[in-house]
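K.L.:
Dropping in final-v1.cif, with mmCIF, C-alpha atoms.
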data_final
#
loop_
_atom_site.group_PDB
_atom_site.id
_atom_site.type_symbol
_atom_site.label_atom_id
_atom_site.label_comp_id
_atom_site.auth_asym_id
_atom_site.auth_seq_id
_atom_site.Cartn_x
_atom_site.Cartn_y
_atom_site.Cartn_z
ATOM 1 C CA MET K 44 72.699 76.790 35.711
ATOM 2 C CA THR K 45 69.348 76.071 37.408
ATOM 3 C CA ARG K 46 68.327 77.808 40.576
ATOM 4 C CA PHE K 47 68.804 74.566 42.533
ATOM 5 C CA ASN K 48 72.344 74.180 41.209
ATOM 6 C CA LEU K 49 73.170 77.805 42.119
ATOM 7 C CA ILE K 50 71.978 77.285 45.674
ATOM 8 C CA ALA K 51 73.914 74.027 45.988
ATOM 9 C CA PHE K 52 77.070 75.672 44.599
ATOM 10 C CA ALA K 53 76.742 78.561 47.071
ATOM 11 C CA CYS K 54 76.348 76.176 50.019
ATOM 12 C CA VAL K 55 79.375 74.107 49.015
ATOM 13 C CA SER K 56 81.492 77.255 48.486
ATOM 14 C CA SER K 57 80.446 78.582 51.876
ATOM 15 C CA LEU K 58 81.352 75.277 53.504
ATOM 16 C CA PHE K 59 84.870 75.192 52.035
ATOM 17 C CA THR K 60 85.439 78.899 52.703
ATOM 18 C CA GLY K 61 84.383 78.451 56.300
ATOM 19 C CA CYS K 62 86.712 75.492 56.757
ATOM 20 C CA TYR K 63 89.604 77.378 55.167
ATOM 21 C CA MET K 64 89.078 80.411 57.351
ATOM 22 C CA SER K 65 88.758 78.307 60.482
ATOM 23 C CA HIS K 66 92.201 76.855 59.813
ATOM 24 C CA GLU K 67 93.779 80.235 59.072
ATOM 25 C CA ARG K 68 92.246 82.421 61.797
ATOM 26 C CA PRO K 69 92.507 81.433 65.473
ATOM 27 C CA SER K 70 89.368 81.621 67.543
ATOM 28 C CA ASP K 71 89.024 84.147 70.326
ATOM 29 C CA ALA K 72 89.592 81.366 72.859
ATOM 30 C CA GLU K 73 93.032 80.679 71.367
ATOM 31 C CA VAL K 74 94.226 84.285 71.677
ATOM 32 C CA GLU K 75 96.014 84.863 74.973
ATOM 33 C CA MET K 76 95.052 88.181 76.520
ATOM 34 C CA PRO K 77 97.558 89.903 78.813
ATOM 35 C CA PRO K 78 96.537 90.016 82.496
ATOM 36 C CA PRO K 79 94.872 93.275 83.512
ATOM 37 C CA ALA K 80 97.055 95.839 85.225
ATOM 38 C CA PRO K 81 96.348 96.349 88.934
ATOM 39 C CA THR K 82 93.970 99.158 89.813
ATOM 40 C CA CYS K 83 95.890 101.448 92.142
ATOM 41 C CA ALA K 84 94.273 104.143 94.268
ATOM 42 C CA PRO K 85 95.199 107.700 93.225
ATOM 43 C CA GLU K 86 97.512 109.468 95.632
ATOM 44 C CA SER K 87 96.277 112.427 97.634
ATOM 45 C CA SER K 88 97.652 115.874 96.905
ATOM 46 C CA ASP K 89 97.925 116.344 100.682
ATOM 47 C CA PRO K 90 99.338 113.050 102.084
ATOM 48 C CA ILE K 91 99.781 112.342 105.781
ATOM 49 C CA ALA K 92 102.957 110.298 105.412
ATOM 50 C CA ARG K 93 105.695 110.329 102.815
ATOM 51 C CA TYR K 94 108.486 107.929 101.858
ATOM 52 C CA GLU K 95 111.669 109.100 100.159
ATOM 53 C CA VAL K 96 113.871 106.586 98.361
ATOM 54 C CA LEU K 97 117.463 106.804 99.601
ATOM 55 C CA MET K 98 118.968 103.763 97.874
ATOM 56 C CA ALA K 99 117.282 101.727 95.140
ATOM 57 C CA ASP K 100 119.983 101.042 92.546
ATOM 58 C CA ASP K 101 120.632 97.623 91.062
ATOM 59 C CA VAL K 102 123.357 95.972 93.128
ATOM 60 C CA GLU K 103 126.024 93.274 92.765
ATOM 61 C CA ILE K 104 126.674 91.161 95.856
ATOM 62 C CA GLU K 105 129.234 88.447 96.490
ATOM 63 C CA ALA K 106 127.983 85.039 97.595
ATOM 64 C CA GLY K 107 128.423 84.542 101.329
ATOM 65 C CA THR K 108 127.798 88.220 102.183
ATOM 66 C CA ARG K 109 126.008 88.882 105.473
ATOM 67 C CA ARG K 110 123.707 91.853 106.065
ATOM 68 C CA ALA K 111 123.840 92.913 102.427
ATOM 69 C CA GLU K 112 121.877 96.141 101.966
ATOM 70 C CA ILE K 113 119.408 95.949 99.083
ATOM 71 C CA MET K 114 117.476 99.228 99.376
ATOM 72 C CA SER K 115 116.586 101.930 101.884
ATOM 73 C CA VAL K 116 113.891 104.588 102.318
ATOM 74 C CA SER K 117 113.046 107.274 104.815
ATOM 75 C CA LEU K 118 109.577 107.712 106.331
ATOM 76 C CA ARG K 119 108.287 111.053 107.569
ATOM 77 C CA GLY K 120 104.939 112.112 109.023
ATOM 78 C CA LEU K 121 103.442 115.308 107.625
ATOM 79 C CA ASN K 122 100.354 116.171 109.684
ATOM 80 C CA GLY K 123 101.720 116.596 113.206
ATOM 81 C CA SER K 124 100.279 113.329 114.531
ATOM 82 C CA ASP K 125 101.988 110.177 115.697
ATOM 83 C CA LEU K 126 101.847 107.361 113.146
ATOM 84 C CA GLU K 127 102.068 103.590 113.416
ATOM 85 C CA PHE K 128 103.737 101.598 110.628
ATOM 86 C CA ALA K 129 103.865 97.829 110.646
ATOM 87 C CA GLU K 130 103.395 95.978 107.349
ATOM 88 C CA TYR K 131 105.569 95.636 104.259
ATOM 89 C CA LEU K 132 105.209 92.952 101.611
ATOM 90 C CA TYR K 133 108.274 91.583 99.858
ATOM 91 C CA ARG K 134 108.858 89.534 96.711
ATOM 92 C CA PHE K 135 111.995 87.690 95.509
ATOM 93 C CA GLU K 136 112.063 86.281 91.967
ATOM 94 C CA ALA K 137 114.795 84.326 90.209
ATOM 95 C CA VAL K 138 115.448 85.983 86.830
ATOM 96 C CA MET K 139 118.475 83.829 86.006
ATOM 97 C CA GLY K 140 119.367 80.928 88.257
ATOM 98 C CA SER K 141 117.367 79.630 91.204
ATOM 99 C CA LEU K 142 116.311 80.771 94.651
ATOM 100 C CA THR K 143 117.517 77.417 95.930
ATOM 101 C CA ALA K 144 121.230 77.146 96.756
ATOM 102 C CA PRO K 145 123.301 74.106 95.682
ATOM 103 C CA ASP K 146 123.077 72.666 99.226
ATOM 104 C CA GLY K 147 119.256 72.749 99.054
ATOM 105 C CA GLY K 148 118.841 75.807 101.265
ATOM 106 C CA ALA K 149 117.657 79.264 100.284
ATOM 107 C CA VAL K 150 119.856 81.730 98.401
ATOM 108 C CA PHE K 151 118.565 84.618 100.553
ATOM 109 C CA THR K 152 118.067 84.131 104.295
ATOM 110 C CA ASN K 153 117.505 86.283 107.357
ATOM 111 C CA ALA K 154 115.673 88.938 105.356
ATOM 112 C CA ARG K 155 114.951 91.924 107.573
ATOM 113 C CA LEU K 156 113.811 95.507 107.374
ATOM 114 C CA ARG K 157 116.031 97.426 109.779
ATOM 115 C CA VAL K 158 114.671 100.597 111.371
ATOM 116 C CA SER K 159 117.279 103.277 112.149
ATOM 117 C CA GLY K 160 117.826 104.110 115.793
ATOM 118 C CA ARG K 161 115.661 101.253 117.094
ATOM 119 C CA SER K 162 116.378 97.920 118.690
ATOM 120 C CA SER K 163 113.334 96.372 117.008
ATOM 121 C CA LEU K 164 113.281 95.450 113.351
ATOM 122 C CA PHE K 165 111.065 93.734 110.810
ATOM 123 C CA GLY K 166 112.407 90.180 110.798
ATOM 124 C CA PRO K 167 114.796 88.526 110.450
ATOM 125 C CA TYR K 168 112.918 85.903 108.453
ATOM 126 C CA ASP K 169 114.333 82.953 106.583
ATOM 127 C CA ILE K 170 113.132 82.843 102.991
ATOM 128 C CA ILE K 171 112.178 79.243 102.272
ATOM 129 C CA ALA K 172 112.656 78.742 98.553
ATOM 130 C CA ALA K 173 113.194 75.034 97.880
ATOM 131 C CA GLY K 174 111.684 74.315 94.479
ATOM 132 C CA GLU K 175 110.318 77.822 94.039
ATOM 133 C CA GLU K 176 111.395 80.606 91.675
ATOM 134 C CA VAL K 177 109.190 83.288 93.281
ATOM 135 C CA VAL K 178 108.876 83.829 97.029
ATOM 136 C CA GLU K 179 106.506 86.357 98.608
ATOM 137 C CA GLY K 180 105.990 87.260 102.235
ATOM 138 C CA GLU K 181 105.449 90.084 104.698
ATOM 139 C CA PHE K 182 107.627 91.967 107.144
ATOM 140 C CA TRP K 183 105.697 92.887 110.279
ATOM 141 C CA ASP K 184 106.723 94.801 113.393
ATOM 142 C CA ALA K 185 104.582 97.600 114.849
ATOM 143 C CA ASN K 186 106.478 100.860 115.349
ATOM 144 C CA ILE K 187 105.372 104.335 116.364
ATOM 145 C CA LEU K 188 106.700 107.315 114.421
ATOM 146 C CA ARG K 189 106.478 110.373 116.634
ATOM 147 C CA ALA K 190 105.157 113.606 115.146
ATOM 148 C CA GLY K 191 107.924 115.477 113.362
ATOM 149 C CA ASP K 192 110.247 112.480 113.526
ATOM 150 C CA GLU K 193 111.834 110.560 110.643
ATOM 151 C CA VAL K 194 113.149 107.014 110.357
ATOM 152 C CA VAL K 195 115.138 105.118 107.753
ATOM 153 C CA LEU K 196 114.175 101.578 106.775
ATOM 154 C CA THR K 197 116.822 99.373 105.135
ATOM 155 C CA LEU K 198 116.166 95.991 103.541
ATOM 156 C CA GLU K 199 118.979 93.569 104.391
ATOM 157 C CA VAL K 200 119.588 89.896 103.540
ATOM 158 C CA ASP K 201 122.213 87.231 104.053
ATOM 159 C CA VAL K 202 123.384 85.518 100.855
ATOM 160 C CA ALA K 203 124.283 81.834 100.876
ATOM 161 C CA GLU K 204 127.735 80.567 99.959
ATOM 162 C CA GLY K 205 128.430 79.094 96.525
ATOM 163 C CA VAL K 206 125.499 80.666 94.664
ATOM 164 C CA GLU K 207 125.309 82.716 91.484
ATOM 165 C CA GLY K 208 122.373 84.293 89.669
ATOM 166 C CA ILE K 209 120.246 87.345 88.920
ATOM 167 C CA TYR K 210 117.220 88.158 91.069
ATOM 168 C CA GLU K 211 114.446 90.727 91.156
ATOM 169 C CA VAL K 212 113.638 91.997 94.641
ATOM 170 C CA ARG K 213 110.562 94.092 95.371
ATOM 171 C CA LEU K 214 109.490 95.812 98.569
ATOM 172 C CA GLY K 215 105.744 96.479 98.521
ATOM 173 C CA ASP K 216 102.946 95.161 96.344
ATOM 174 C CA GLU K 217 101.991 96.139 92.781
ATOM 175 C CA CYS K 218 100.786 99.568 93.903
ATOM 176 C CA ASP K 219 102.252 100.625 97.245
ATOM 177 C CA LEU K 220 105.334 100.348 99.396
ATOM 178 C CA THR K 221 102.928 99.834 102.287
ATOM 179 C CA SER K 222 99.179 99.679 101.943
ATOM 180 C CA ARG K 223 98.454 100.083 105.657
ATOM 181 C CA MET K 224 99.377 102.698 108.233
ATOM 182 C CA TRP K 225 97.607 104.126 111.265
ATOM 183 C CA THR K 226 97.164 107.569 112.835
ATOM 184 C CA VAL K 227 97.683 107.622 116.613
ATOM 185 C CA PRO K 228 95.813 110.613 118.083
ATOM 186 C CA GLU K 229 96.495 111.820 121.642
ATOM 187 C CA ASP K 230 92.913 111.036 122.610
ATOM 188 C CA GLY K 231 90.844 108.283 121.131
ATOM 189 C CA PRO K 232 91.552 105.021 119.346
ATOM 190 C CA THR K 233 94.155 104.431 116.646
ATOM 191 C CA VAL K 234 92.659 105.063 113.194
ATOM 192 C CA GLU K 235 93.683 103.222 110.038
ATOM 193 C CA MET K 236 94.728 105.600 107.255
ATOM 194 C CA SER K 237 93.416 105.396 103.743
ATOM 195 C CA ALA K 238 96.116 104.097 101.396
ATOM 196 C CA ASP K 239 95.847 107.182 99.194
ATOM 197 C CA LEU K 240 97.088 109.336 102.094
ATOM 198 C CA ILE K 241 100.456 107.567 102.059
ATOM 199 C CA ASP K 242 102.839 109.023 99.492
ATOM 200 C CA ASP K 243 104.678 105.862 98.462
ATOM 201 C CA GLU K 244 105.391 103.498 95.589
ATOM 202 C CA PRO K 245 106.807 99.963 95.506
ATOM 203 C CA ILE K 246 110.560 99.619 94.993
ATOM 204 C CA THR K 247 112.075 97.002 92.688
ATOM 205 C CA VAL K 248 115.790 96.368 92.182
ATOM 206 C CA ILE K 249 117.859 93.766 90.373
ATOM 207 C CA VAL K 250 120.333 91.890 92.571
ATOM 208 C CA THR K 251 123.220 90.072 90.863
ATOM 209 C CA VAL K 252 124.962 87.491 93.042
ATOM 210 C CA VAL K 253 128.511 86.706 91.942
ATOM 211 C CA PRO K 254 131.042 84.162 93.258
ATOM 212 C CA HIS K 255 133.154 85.195 96.217
ATOM 213 C CA SER K 256 136.383 86.762 94.952
#
Since I need it in another form, could you write the structure as structure tokens?
P.N.:
Amino acid sequence: MTRFNLIAFACVSSLFTGCYMSHERPSDAEVEMPPPAPTCAPESSDPIARYEVLMADDVEIEAGTRRAEIMSVSLRGLNGSDLEFAEYLYRFEAVMGSLTAPDGGAVFTNARLRVSGRSSLFGPYDIIAAGEEVVEGEFWDANILRAGDEVVLTLEVDVAEGVEGIYEVRLGDECDLTSRMWTVPEDGPTVEMSADLIDDEPITVIVTVVPHS
């Protein structure tokens, strides 16, 4: 075989091999990469505030229940200063079923974060869910935690009549139960705390709504 024929044969072989491989191996653009995990700040070994989970088990609730308790935590200050707490994100996701009730309203309404021993509370807020399978929002209500004091926060919801499904409920974001808190010194302005000084983690539970018995 002449040199020209060898070169031509090599080019043709390369062409067919390249075509074959392109059909067998997906390009990098076709490979779906998982989303990156959130970067969470490391917790301090000497936090200023600490949450303790009191109730965070998966629960079963009958449709039509009012003030159903989903989860509860206690909050305690650790450095002898007054603290202000105000912001908590929440997330409701339909795992099986829908967040929209048969009548077109929301499955979960009047969501609230009740603070023990206080007339004020975070909420209640209606969760508007028409056409959505994930609903996110924020509870907000400024409260002062006196030095050496402790409060209990309980997440409550009303459940619509005639619904059934499985739902994931989270209090907090991907990293923290609350990402903001403030120190209230006796003299001077209120100072926002660094998130790593709050000993907390988000809480996620599975809520199963069953027909009323």
K.L.:
At what distance in Å, to one decimal, does CA of Glu179 in chain K lie from CA of Arg119 in chain K?
P.N.:
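These atoms are spaced 26.3 Å apart.
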K.L.:
Residues of range 126-194 of chain K that approach range 91-108 of chain K to 10 Å or less, counting only C-alpha atoms: could you list each one with the shortest pair of atoms and its distance in Å to one decimal, rows by chain and increasing residue number, as a tab-separated table?
P.N.:
residue	atom	partner	partner_atom	distance
K:Leu126	CA	K:Ala92	CA	8.3
K:Val150	CA	K:Ala106	CA	8.8
K:Phe151	CA	K:Ala106	CA	9.9
K:Glu193	CA	K:Tyr94	CA	9.8
K:Val194	CA	K:Tyr94	CA	9.7
K.L.:
For Thr251 in chain K, which residue among K:Asn153, K:Ser141, K:Thr221, K:Asn186 is the nearest when counting all atoms listed in the file?
P.N.:
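Of all the options, K:Ser141 lies closest to Thr251 in chain K.
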K.L.:
Under the rule that all atoms listed in the file are counted, which of K:Gly166, K:Pro85, K:Gly231, K:Pro254 is the nearest residue to Glu130 in chain K?
P.N.:
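The shortest atom-to-atom distance to Glu130 in chain K comes from K:Gly166.
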K.L.:
Could you state the separation of CA of Val158 in chain K and CA of Leu118 in chain K in Å, given to one decimal place?
P.N.:
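It comes out at 10.1 Å.
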K.L.:
So, with all atoms listed in the file as the atoms that count, which of K:Met139, K:Ile170, K:Ile241, K:Ala190 lies closest to Ser88 in chain K?
P.N.:
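Among K:Met139, K:Ile170, K:Ile241, K:Ala190, it is K:Ile241 that comes nearest to Ser88 in chain K.
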K.L.:
Expressed in Å to a single decimal, how great is the separation between CA of Thr152 in chain K and CA of Val250 in chain K?
P.N.:
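Distance reported for this atom pair: 14.2 Å.
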K.L.:
Using all atoms listed in the file for the distances, tell me which of K:Glu199, K:Thr82, K:Ser87, K:Asp125 is nearest to Ser237 in chain K.
P.N.:
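Using all atoms listed in the file, the shortest distance to Ser237 in chain K belongs to K:Ser87.
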K.L.:
So which residues touch Ile171 in chain K within 10 Å, counting all atoms listed in the file, skipping near sequence neighbours fewer than 2 positions away, as a list in words?
P.N.:
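In the requested format, the answer is Leu142, Thr143, Gly148, Ala149, Val150, Phe151, Thr152, Tyr168, Asp169, Ala173, Gly174, Glu175, Val178 and Glu179 of chain K.
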K.L.:
For Leu198 in chain K, which of K:Glu136, K:Glu235, K:Glu127, K:Glu112 is the closest residue, counting all atoms listed in the file?
P.N.:
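Of all the options, K:Glu112 lies closest to Leu198 in chain K.
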K.L.:
Could you check the closest approach to Val177 in chain K for each of K:Val202, K:Val138, K:Leu214, K:Leu156 and tell me which residue wins, using all atoms listed in the file?
P.N.:
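Residue with the minimum atom-to-atom distance to Val177 in chain K: K:Val138.
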K.L.:
Could you please give me, as a ChimeraX atom specification, the residues of protein, DNA or RNA lying at most 8 Å from (112.4, 93.7, 111.3) in the coordinate frame of the file, considering all atoms listed in the file?
P.N.:
/K:155-158,163-167,182-184
K.L.:
Let me have the centre and edge lengths of the axis-aligned box enclosing all listed atoms of range 196-203 of chain K with 3 Å padding on every side, in Å to one decimal, as lines of an AutoDock Vina configuration file.
P.N.:
center_x = 119.2
center_y = 91.7
center_z = 103.8
size_x = 16.1
size_y = 25.7
size_z = 11.9
K.L.:
Quick check on the file I pasted: which residues fall under the PyMOL selection byres ((chain K and resi 222) around 12)? Write them as a ChimeraX atom specification.
P.N.:
/K:83-84,86,92,128-132,181,214-221,223-225,235-245
K.L.:
Evaluate the PyMOL selection byres ((chain K and resi 205) around 9) on the structure here and hand back the selected residues as a compact mmCIF listing (two decimals) with C-alpha atoms, in the frame of the given file.
P.N.:
# COMPACT_ATOMS: atom_id res chain seq x y z
CA ALA K 106 127.98 85.04 97.60
CA GLY K 107 128.42 84.54 101.33
CA ALA K 144 121.23 77.15 96.76
CA PRO K 145 123.30 74.11 95.68
CA ASP K 146 123.08 72.67 99.23
CA ALA K 203 124.28 81.83 100.88
CA GLU K 204 127.74 80.57 99.96
CA VAL K 206 125.50 80.67 94.66
CA GLU K 207 125.31 82.72 91.48
CA VAL K 253 128.51 86.71 91.94
CA PRO K 254 131.04 84.16 93.26
CA HIS K 255 133.15 85.20 96.22
